>>> print(open('query_6.cif').read())   # mmCIF, C-alpha atoms and all ligand atoms; chains and numbers go by the auth columns
data_model
loop_
_atom_site.group_PDB
_atom_site.id
_atom_site.type_symbol
_atom_site.label_atom_id
_atom_site.label_comp_id
_atom_site.label_asym_id
_atom_site.label_seq_id
_atom_site.Cartn_x
_atom_site.Cartn_y
_atom_site.Cartn_z
_atom_site.B_iso_or_equiv
_atom_site.auth_seq_id
_atom_site.auth_asym_id
ATOM 1 C CA MET A 1 -31.398 -28.784 -23.120 0.00 1 A
ATOM 2 C CA LYS A 2 -28.247 -28.955 -21.015 0.00 2 A
ATOM 3 C CA LYS A 3 -29.392 -25.909 -19.071 0.00 3 A
ATOM 4 C CA LEU A 4 -32.727 -27.520 -18.452 0.00 4 A
ATOM 5 C CA LEU A 5 -31.098 -30.654 -17.143 0.00 5 A
ATOM 6 C CA ILE A 6 -28.868 -28.697 -14.778 0.00 6 A
ATOM 7 C CA SER A 7 -31.774 -26.690 -13.480 0.00 7 A
ATOM 8 C CA SER A 8 -33.841 -29.801 -12.854 0.00 8 A
ATOM 9 C CA ILE A 9 -30.911 -31.321 -10.970 0.00 9 A
ATOM 10 C CA LEU A 10 -30.654 -28.136 -8.933 0.00 10 A
ATOM 11 C CA VAL A 11 -34.351 -28.260 -8.169 0.00 11 A
ATOM 12 C CA SER A 12 -34.075 -31.802 -6.904 0.00 12 A
ATOM 13 C CA ILE A 13 -31.109 -30.873 -4.699 0.00 13 A
ATOM 14 C CA VAL A 14 -32.825 -27.794 -3.378 0.00 14 A
ATOM 15 C CA THR A 15 -36.010 -29.675 -2.531 0.00 15 A
ATOM 16 C CA VAL A 16 -34.168 -32.193 -0.342 0.00 16 A
ATOM 17 C CA PRO A 17 -34.369 -30.051 2.835 0.00 17 A
ATOM 18 C CA ALA A 18 -38.157 -30.100 2.536 0.00 18 A
ATOM 19 C CA LEU A 19 -37.912 -33.837 3.207 0.00 19 A
ATOM 20 C CA ALA A 20 -35.605 -33.373 6.181 0.00 20 A
ATOM 21 C CA ALA A 21 -38.470 -34.089 8.579 0.00 21 A
ATOM 22 C CA SER A 22 -38.283 -37.684 7.398 0.00 22 A
ATOM 23 C CA ALA A 23 -34.668 -38.071 8.603 0.00 23 A
ATOM 24 C CA PHE A 24 -36.290 -39.880 11.550 0.00 24 A
ATOM 25 C CA SER A 25 -38.589 -42.801 10.925 0.00 25 A
ATOM 26 C CA ASP A 26 -40.286 -42.392 14.306 0.00 26 A
ATOM 27 C CA GLY A 27 -39.807 -41.072 17.829 0.00 27 A
ATOM 28 C CA LYS A 28 -37.588 -43.949 18.893 0.00 28 A
ATOM 29 C CA ASP A 29 -35.313 -43.339 15.922 0.00 29 A
ATOM 30 C CA ALA A 30 -35.026 -39.666 16.899 0.00 30 A
ATOM 31 C CA VAL A 31 -34.153 -40.561 20.505 0.00 31 A
ATOM 32 C CA GLU A 32 -31.395 -42.863 19.236 0.00 32 A
ATOM 33 C CA TYR A 33 -30.087 -40.139 16.949 0.00 33 A
ATOM 34 C CA ARG A 34 -29.732 -37.567 19.714 0.00 34 A
ATOM 35 C CA GLN A 35 -28.211 -40.109 22.115 0.00 35 A
ATOM 36 C CA GLN A 36 -25.644 -41.085 19.490 0.00 36 A
ATOM 37 C CA ALA A 37 -24.868 -37.427 18.853 0.00 37 A
ATOM 38 C CA PHE A 38 -24.258 -36.970 22.600 0.00 38 A
ATOM 39 C CA GLN A 39 -21.986 -40.022 22.592 0.00 39 A
ATOM 40 C CA LEU A 40 -19.892 -38.479 19.817 0.00 40 A
ATOM 41 C CA ILE A 41 -19.783 -35.240 21.787 0.00 41 A
ATOM 42 C CA ARG A 42 -18.611 -37.225 24.819 0.00 42 A
ATOM 43 C CA HIS A 43 -15.802 -38.965 22.897 0.00 43 A
ATOM 44 C CA ASN A 44 -14.473 -35.768 21.382 0.00 44 A
ATOM 45 C CA THR A 45 -14.754 -33.833 24.650 0.00 45 A
ATOM 46 C CA GLY A 46 -13.132 -36.655 26.617 0.00 46 A
ATOM 47 C CA ASP A 47 -10.101 -36.748 24.375 0.00 47 A
ATOM 48 C CA ILE A 48 -9.513 -33.011 24.777 0.00 48 A
ATOM 49 C CA GLY A 49 -10.011 -33.423 28.535 0.00 49 A
ATOM 50 C CA ASP A 50 -7.349 -36.131 28.644 0.00 50 A
ATOM 51 C CA MET A 51 -4.937 -33.812 26.846 0.00 51 A
ATOM 52 C CA MET A 52 -5.715 -30.948 29.207 0.00 52 A
ATOM 53 C CA GLN A 53 -5.058 -33.176 32.206 0.00 53 A
ATOM 54 C CA GLY A 54 -1.820 -34.516 30.713 0.00 54 A
ATOM 55 C CA LYS A 55 -3.168 -38.071 30.532 0.00 55 A
ATOM 56 C CA VAL A 56 -2.201 -38.082 26.875 0.00 56 A
ATOM 57 C CA ALA A 57 0.420 -35.893 25.221 0.00 57 A
ATOM 58 C CA PHE A 58 -0.758 -32.541 23.919 0.00 58 A
ATOM 59 C CA ASP A 59 -1.205 -32.774 20.172 0.00 59 A
ATOM 60 C CA GLN A 60 -2.230 -29.568 18.446 0.00 60 A
ATOM 61 C CA ALA A 61 -3.532 -31.214 15.245 0.00 61 A
ATOM 62 C CA ARG A 62 -5.589 -33.736 17.186 0.00 62 A
ATOM 63 C CA LEU A 63 -6.978 -31.042 19.454 0.00 63 A
ATOM 64 C CA GLN A 64 -7.973 -28.939 16.452 0.00 64 A
ATOM 65 C CA ARG A 65 -9.683 -31.908 14.833 0.00 65 A
ATOM 66 C CA ARG A 66 -11.691 -32.557 18.020 0.00 66 A
ATOM 67 C CA ALA A 67 -12.634 -28.901 18.409 0.00 67 A
ATOM 68 C CA ASP A 68 -13.671 -28.697 14.742 0.00 68 A
ATOM 69 C CA ALA A 69 -15.809 -31.820 15.146 0.00 69 A
ATOM 70 C CA LEU A 70 -17.477 -30.395 18.257 0.00 70 A
ATOM 71 C CA VAL A 71 -18.595 -27.309 16.338 0.00 71 A
ATOM 72 C CA SER A 72 -20.671 -29.595 14.096 0.00 72 A
ATOM 73 C CA LEU A 73 -21.626 -32.185 16.690 0.00 73 A
ATOM 74 C CA THR A 74 -23.071 -29.625 19.099 0.00 74 A
ATOM 75 C CA THR A 75 -25.573 -28.567 16.408 0.00 75 A
ATOM 76 C CA LEU A 76 -26.986 -32.089 16.032 0.00 76 A
ATOM 77 C CA PRO A 77 -29.053 -33.278 19.009 0.00 77 A
ATOM 78 C CA TRP A 78 -31.629 -30.506 19.210 0.00 78 A
ATOM 79 C CA GLU A 79 -33.926 -31.135 16.245 0.00 79 A
ATOM 80 C CA ALA A 80 -34.408 -34.695 17.472 0.00 80 A
ATOM 81 C CA PHE A 81 -36.127 -33.352 20.609 0.00 81 A
ATOM 82 C CA GLU A 82 -38.888 -31.910 18.423 0.00 82 A
ATOM 83 C CA VAL A 83 -39.897 -35.050 16.551 0.00 83 A
ATOM 84 C CA ALA A 84 -43.379 -36.380 17.336 0.00 84 A
ATOM 85 C CA GLY A 85 -43.048 -39.300 19.727 0.00 85 A
ATOM 86 C CA ALA A 86 -39.604 -38.083 20.854 0.00 86 A
ATOM 87 C CA ASN A 87 -40.974 -34.865 22.324 0.00 87 A
ATOM 88 C CA LYS A 88 -41.723 -36.184 25.764 0.00 88 A
ATOM 89 C CA ALA A 89 -39.702 -37.695 28.567 0.00 89 A
ATOM 90 C CA SER A 90 -37.939 -40.704 27.078 0.00 90 A
ATOM 91 C CA GLY A 91 -34.489 -42.145 27.429 0.00 91 A
ATOM 92 C CA ASP A 92 -32.866 -39.859 29.961 0.00 92 A
ATOM 93 C CA ALA A 93 -34.660 -36.773 28.677 0.00 93 A
ATOM 94 C CA LYS A 94 -36.701 -35.098 31.414 0.00 94 A
ATOM 95 C CA ALA A 95 -40.117 -33.501 30.869 0.00 95 A
ATOM 96 C CA GLU A 96 -38.678 -30.070 31.794 0.00 96 A
ATOM 97 C CA ILE A 97 -37.100 -29.940 28.304 0.00 97 A
ATOM 98 C CA TRP A 98 -40.554 -29.229 26.912 0.00 98 A
ATOM 99 C CA THR A 99 -42.125 -27.409 29.869 0.00 99 A
ATOM 100 C CA ASP A 100 -39.163 -25.012 30.028 0.00 100 A
ATOM 101 C CA ALA A 101 -38.308 -25.110 26.319 0.00 101 A
ATOM 102 C CA ALA A 102 -36.964 -21.543 26.064 0.00 102 A
ATOM 103 C CA ASP A 103 -34.375 -22.184 28.783 0.00 103 A
ATOM 104 C CA PHE A 104 -33.386 -25.540 27.246 0.00 104 A
ATOM 105 C CA LYS A 105 -32.926 -23.837 23.867 0.00 105 A
ATOM 106 C CA ALA A 106 -30.863 -21.064 25.449 0.00 106 A
ATOM 107 C CA LYS A 107 -28.592 -23.647 27.089 0.00 107 A
ATOM 108 C CA ALA A 108 -28.202 -25.508 23.780 0.00 108 A
ATOM 109 C CA GLU A 109 -27.266 -22.254 22.030 0.00 109 A
ATOM 110 C CA LYS A 110 -24.774 -21.285 24.731 0.00 110 A
ATOM 111 C CA PHE A 111 -23.201 -24.719 24.335 0.00 111 A
ATOM 112 C CA GLN A 112 -22.833 -24.268 20.567 0.00 112 A
ATOM 113 C CA ALA A 113 -21.313 -20.814 21.074 0.00 113 A
ATOM 114 C CA ALA A 114 -18.831 -22.330 23.537 0.00 114 A
ATOM 115 C CA ALA A 115 -17.818 -24.926 20.917 0.00 115 A
ATOM 116 C CA LEU A 116 -17.119 -22.130 18.438 0.00 116 A
ATOM 117 C CA ALA A 117 -15.066 -20.292 21.072 0.00 117 A
ATOM 118 C CA LEU A 118 -13.103 -23.492 21.737 0.00 118 A
ATOM 119 C CA GLN A 119 -12.403 -23.870 18.023 0.00 119 A
ATOM 120 C CA THR A 120 -11.169 -20.263 17.877 0.00 120 A
ATOM 121 C CA ALA A 121 -8.997 -20.791 20.957 0.00 121 A
ATOM 122 C CA ALA A 122 -7.547 -23.984 19.464 0.00 122 A
ATOM 123 C CA LYS A 123 -6.425 -22.014 16.417 0.00 123 A
ATOM 124 C CA THR A 124 -4.341 -19.679 18.613 0.00 124 A
ATOM 125 C CA GLN A 125 -2.291 -22.741 19.750 0.00 125 A
ATOM 126 C CA ASP A 126 -2.042 -20.983 23.123 0.00 126 A
ATOM 127 C CA GLN A 127 -2.545 -23.690 25.733 0.00 127 A
ATOM 128 C CA ALA A 128 -3.747 -21.302 28.467 0.00 128 A
ATOM 129 C CA LYS A 129 -6.426 -19.921 26.146 0.00 129 A
ATOM 130 C CA ILE A 130 -7.385 -23.415 25.025 0.00 130 A
ATOM 131 C CA LYS A 131 -7.708 -24.615 28.599 0.00 131 A
ATOM 132 C CA ALA A 132 -9.898 -21.663 29.605 0.00 132 A
ATOM 133 C CA ALA A 133 -12.166 -22.168 26.575 0.00 133 A
ATOM 134 C CA PHE A 134 -12.346 -25.902 27.263 0.00 134 A
ATOM 135 C CA MET A 135 -13.325 -25.397 30.928 0.00 135 A
ATOM 136 C CA ASP A 136 -16.068 -23.040 29.800 0.00 136 A
ATOM 137 C CA PHE A 137 -17.249 -25.496 27.146 0.00 137 A
ATOM 138 C CA ARG A 138 -17.155 -28.404 29.589 0.00 138 A
ATOM 139 C CA GLY A 139 -19.260 -26.488 32.135 0.00 139 A
ATOM 140 C CA ASN A 140 -22.209 -26.599 29.755 0.00 140 A
ATOM 141 C CA CYS A 141 -22.639 -30.370 30.117 0.00 141 A
ATOM 142 C CA LYS A 142 -23.408 -30.313 33.829 0.00 142 A
ATOM 143 C CA ALA A 143 -25.367 -27.064 33.614 0.00 143 A
ATOM 144 C CA CYS A 144 -27.798 -28.743 31.241 0.00 144 A
ATOM 145 C CA HIS A 145 -27.738 -32.301 32.617 0.00 145 A
ATOM 146 C CA ASP A 146 -28.518 -31.198 36.181 0.00 146 A
ATOM 147 C CA LYS A 147 -31.887 -29.917 35.080 0.00 147 A
ATOM 148 C CA TYR A 148 -32.768 -31.849 31.932 0.00 148 A
ATOM 149 C CA LYS A 149 -31.123 -35.268 32.054 0.00 149 A
ATOM 150 C CA ALA A 150 -32.293 -38.061 34.356 0.00 150 A
ATOM 151 C CA ASP A 151 -29.718 -39.919 36.529 0.00 151 A
HETATM 152 C C1 LIG B . -28.573 -28.140 26.446 0.00 201 B
HETATM 153 C C2 LIG B . -28.525 -29.413 27.114 0.00 201 B
HETATM 154 C C3 LIG B . -27.366 -30.343 27.059 0.00 201 B
HETATM 155 C C4 LIG B . -26.015 -30.036 26.956 0.00 201 B
HETATM 156 C C5 LIG B . -25.367 -28.658 26.866 0.00 201 B
HETATM 157 C C6 LIG B . -25.310 -31.290 26.983 0.00 201 B
HETATM 158 N N1 LIG B . -26.184 -32.320 27.086 0.00 201 B
HETATM 159 FE FE1 LIG B . -25.717 -34.287 27.196 0.00 201 B
HETATM 160 N N2 LIG B . -27.672 -34.767 27.233 0.00 201 B
HETATM 161 C C7 LIG B . -28.725 -33.880 27.306 0.00 201 B
HETATM 162 C C8 LIG B . -29.976 -34.590 27.368 0.00 201 B
HETATM 163 C C9 LIG B . -31.362 -33.976 27.471 0.00 201 B
HETATM 164 C C10 LIG B . -29.669 -35.963 27.346 0.00 201 B
HETATM 165 C C11 LIG B . -30.648 -37.149 27.365 0.00 201 B
HETATM 166 C C12 LIG B . -30.995 -37.518 25.934 0.00 201 B
HETATM 167 C C13 LIG B . -31.974 -38.667 25.816 0.00 201 B
HETATM 168 O O1 LIG B . -31.796 -39.701 26.524 0.00 201 B
HETATM 169 O O2 LIG B . -32.893 -38.548 25.021 0.00 201 B
HETATM 170 C C14 LIG B . -28.212 -36.037 27.252 0.00 201 B
HETATM 171 C C15 LIG B . -27.499 -37.225 27.177 0.00 201 B
HETATM 172 C C16 LIG B . -26.131 -37.322 27.152 0.00 201 B
HETATM 173 C C17 LIG B . -25.395 -38.571 27.104 0.00 201 B
HETATM 174 C C18 LIG B . -25.998 -39.980 27.114 0.00 201 B
HETATM 175 C C19 LIG B . -26.355 -40.402 25.678 0.00 201 B
HETATM 176 C C20 LIG B . -26.928 -41.820 25.633 0.00 201 B
HETATM 177 O O3 LIG B . -26.294 -42.689 25.014 0.00 201 B
HETATM 178 O O4 LIG B . -27.988 -42.062 26.220 0.00 201 B
HETATM 179 C C21 LIG B . -24.066 -38.242 27.083 0.00 201 B
HETATM 180 C C22 LIG B . -22.891 -39.204 27.039 0.00 201 B
HETATM 181 C C23 LIG B . -23.979 -36.795 27.113 0.00 201 B
HETATM 182 N N3 LIG B . -25.255 -36.270 27.154 0.00 201 B
HETATM 183 C C24 LIG B . -22.795 -36.097 27.108 0.00 201 B
HETATM 184 C C25 LIG B . -22.709 -34.712 27.101 0.00 201 B
HETATM 185 C C26 LIG B . -21.456 -33.985 27.166 0.00 201 B
HETATM 186 C C27 LIG B . -20.086 -34.616 27.304 0.00 201 B
HETATM 187 C C28 LIG B . -21.775 -32.667 27.115 0.00 201 B
HETATM 188 C C29 LIG B . -20.859 -31.482 27.172 0.00 201 B
HETATM 189 C C30 LIG B . -19.633 -31.494 26.426 0.00 201 B
HETATM 190 C C31 LIG B . -23.220 -32.576 27.019 0.00 201 B
HETATM 191 N N4 LIG B . -23.752 -33.843 27.019 0.00 201 B
HETATM 192 C C32 LIG B . -23.932 -31.396 26.925 0.00 201 B
HETATM 193 C C33 LIG B . -28.623 -32.518 27.292 0.00 201 B
HETATM 194 C C34 LIG B . -27.445 -31.786 27.153 0.00 201 B
#
>>> encode(input="query_6.cif", output="structure tokens")
Amino acid sequence: MKKLLISSILVSIVTVPALAASAFSDGKDAVEYRQQAFQLIRHNTGDIGDMMQGKVAFDQARLQRRADALVSLTTLPWEAFEVAGANKASGDAKAEIWTDAADFKAKAEKFQAAALALQTAAKTQDQAKIKAAFMDFRGNCKACHDKYKAD
């Protein structure tokens, strides 16, 4: 009986991802989600940038926390570009995202890889390595925005 209960709980946990498509109530909701994800990316990136420029004191623990957050945050926006109603130019998203989808995806993946590299660099506590990884990570924003973000 106990076993049965546990297995039915497991089944209900395991079936949750099948409902993941309903994380967004509609296209507008998905646009908001990705914009908020980008805002969180901006905050975390900005704080590291301030440290790199000496605007705030270098703080290894804080840097690591930001880099760790960016590894997760950089995985978030992309699914929200595929939701019906959010899969066309809206917000600042340009139509090229969908007409040149393979390139957009490649840029998103490069960005996520750069976040992982930044996290690895942060763990070395070597400021030269961290700075190099951060510059590389930071370059991804403009590389994507120039082509795919309006304004
Ligand atoms: C692979 C492409 C891509 C990368 C890489 C990328 N962005 Fe964006 N970003 C976009 C797109 C597309 C939008 C427009 C989203 C929308 O309005 O639906 C956007 C929007 C934004 C916004 C505005 C969100 C809002 O509230 O409307 C901010 C801030 C932002 N990005 C910051 C960043 C920062 C900082 C980085 C780098 C650390 C970055 N992005 C990397 C594609 C990218």
>>> closest_residue(input="query_6.cif", among="A:Arg42, A:Lys123, A:Lys129, A:Arg34", to="A:Val83", atoms="only C-alpha atoms")
A:Arg34
>>> closest_atom_pairs(input="query_6.cif", of="chain A", to="ligand LIG 201 (chain B)", cutoff="6 Å", atoms="all atoms listed in the file", output="tab-separated table")
residue	atom	partner	partner_atom	distance
A:Val31	CA	B:LIG201	O2	5.1
A:Gln35	CA	B:LIG201	C19	4.0
A:Gln36	CA	B:LIG201	O3	5.8
A:Phe38	CA	B:LIG201	C23	4.5
A:Gln39	CA	B:LIG201	C22	4.6
A:Ile41	CA	B:LIG201	C27	5.6
A:Arg42	CA	B:LIG201	C27	3.9
A:Thr45	CA	B:LIG201	C30	5.7
A:Ser90	CA	B:LIG201	O2	5.9
A:Gly91	CA	B:LIG201	O1	3.7
A:Asp92	CA	B:LIG201	O1	3.6
A:Ala93	CA	B:LIG201	C11	4.2
A:Phe104	CA	B:LIG201	C1	5.5
A:Lys107	CA	B:LIG201	C1	4.5
A:Ala108	CA	B:LIG201	C1	3.8
A:Phe111	CA	B:LIG201	C5	5.2
A:Arg138	CA	B:LIG201	C30	5.1
A:Asn140	CA	B:LIG201	C5	4.7
A:Cys141	CA	B:LIG201	C32	3.6
A:Cys144	CA	B:LIG201	C2	4.2
A:His145	CA	B:LIG201	C33	5.4
A:Tyr148	CA	B:LIG201	C9	5.1
A:Lys149	CA	B:LIG201	C9	4.8
>>> atom_distance(input="query_6.cif", atom1="atom CA of A:Arg66", atom2="atom CA of A:Thr120")
12.3 Å
>>> resolve_selection(input="query_6.cif", expression="the PyMOL selection byres (((chain A and resi 47) around 12) and not hetatm)", output="PyMOL selection string")
chain A and resi 40-46+48-59+62-67+69-70+134
>>> resolve_selection(input="query_6.cif", expression="the PyMOL selection byres (((chain A and resi 27) around 10) and not hetatm)", output="PyMOL selection string")
chain A and resi 24-26+28-33+80-88+90
>>> atom_distance(input="query_6.cif", atom1="atom CA of A:Ser72", atom2="atom CA of A:Leu118")
12.4 Å
>>> atom_distance(input="query_6.cif", atom1="atom CA of A:Asp100", atom2="atom CA of A:Ala150")
15.4 Å
>>> closest_residue(input="query_6.cif", among="A:Lys142, A:Ala128, A:Ala115, A:Asp151", to="A:Thr74", atoms="only C-alpha atoms")
A:Ala115
>>> closest_residue(input="query_6.cif", among="A:Gln60, A:Ala37, A:Ala95, A:Ala143", to="A:Ile130", atoms="all atoms listed in the file")
A:Gln60
>>> build_atoms(input="query_6.cif", residues="stretch 71-85 of chain A", atoms="N, CA and C atoms", output="PDB file, keeping the file's coordinate frame")
ATOM      1  N   VAL A  71     -17.786 -28.401  16.899  1.00  0.00           N
ATOM      2  CA  VAL A  71     -18.595 -27.309  16.338  1.00  0.00           C
ATOM      3  C   VAL A  71     -19.792 -27.899  15.576  1.00  0.00           C
ATOM      4  N   SER A  72     -19.558 -28.950  14.819  1.00  0.00           N
ATOM      5  CA  SER A  72     -20.671 -29.595  14.096  1.00  0.00           C
ATOM      6  C   SER A  72     -21.535 -30.436  15.024  1.00  0.00           C
ATOM      7  N   LEU A  73     -20.881 -31.237  15.845  1.00  0.00           N
ATOM      8  CA  LEU A  73     -21.626 -32.185  16.690  1.00  0.00           C
ATOM      9  C   LEU A  73     -22.593 -31.487  17.632  1.00  0.00           C
ATOM     10  N   THR A  74     -22.198 -30.317  18.143  1.00  0.00           N
ATOM     11  CA  THR A  74     -23.071 -29.625  19.099  1.00  0.00           C
ATOM     12  C   THR A  74     -24.313 -29.027  18.428  1.00  0.00           C
ATOM     13  N   THR A  75     -24.361 -29.047  17.090  1.00  0.00           N
ATOM     14  CA  THR A  75     -25.573 -28.567  16.408  1.00  0.00           C
ATOM     15  C   THR A  75     -26.589 -29.710  16.230  1.00  0.00           C
ATOM     16  N   LEU A  76     -26.165 -30.949  16.467  1.00  0.00           N
ATOM     17  CA  LEU A  76     -26.986 -32.089  16.032  1.00  0.00           C
ATOM     18  C   LEU A  76     -28.158 -32.518  16.918  1.00  0.00           C
ATOM     19  N   PRO A  77     -28.000 -32.597  18.242  1.00  0.00           N
ATOM     20  CA  PRO A  77     -29.053 -33.278  19.009  1.00  0.00           C
ATOM     21  C   PRO A  77     -30.426 -32.604  18.977  1.00  0.00           C
ATOM     22  N   TRP A  78     -30.444 -31.293  18.834  1.00  0.00           N
ATOM     23  CA  TRP A  78     -31.629 -30.506  19.210  1.00  0.00           C
ATOM     24  C   TRP A  78     -32.865 -30.768  18.379  1.00  0.00           C
ATOM     25  N   GLU A  79     -32.723 -30.918  17.061  1.00  0.00           N
ATOM     26  CA  GLU A  79     -33.926 -31.135  16.245  1.00  0.00           C
ATOM     27  C   GLU A  79     -34.610 -32.447  16.629  1.00  0.00           C
ATOM     28  N   ALA A  80     -33.835 -33.390  17.134  1.00  0.00           N
ATOM     29  CA  ALA A  80     -34.408 -34.695  17.472  1.00  0.00           C
ATOM     30  C   ALA A  80     -35.273 -34.642  18.738  1.00  0.00           C
ATOM     31  N   PHE A  81     -35.235 -33.502  19.456  1.00  0.00           N
ATOM     32  CA  PHE A  81     -36.127 -33.352  20.609  1.00  0.00           C
ATOM     33  C   PHE A  81     -37.516 -32.897  20.159  1.00  0.00           C
ATOM     34  N   GLU A  82     -37.629 -32.489  18.899  1.00  0.00           N
ATOM     35  CA  GLU A  82     -38.888 -31.910  18.423  1.00  0.00           C
ATOM     36  C   GLU A  82     -39.714 -32.868  17.581  1.00  0.00           C
ATOM     37  N   VAL A  83     -39.197 -34.074  17.382  1.00  0.00           N
ATOM     38  CA  VAL A  83     -39.897 -35.050  16.551  1.00  0.00           C
ATOM     39  C   VAL A  83     -41.068 -35.653  17.335  1.00  0.00           C
ATOM     40  N   ALA A  84     -42.215 -35.781  16.676  1.00  0.00           N
ATOM     41  CA  ALA A  84     -43.379 -36.380  17.336  1.00  0.00           C
ATOM     42  C   ALA A  84     -43.008 -37.756  17.871  1.00  0.00           C
ATOM     43  N   GLY A  85     -43.376 -38.012  19.115  1.00  0.00           N
ATOM     44  CA  GLY A  85     -43.048 -39.300  19.727  1.00  0.00           C
ATOM     45  C   GLY A  85     -41.729 -39.250  20.472  1.00  0.00           C
TER      46      GLY A  85
END
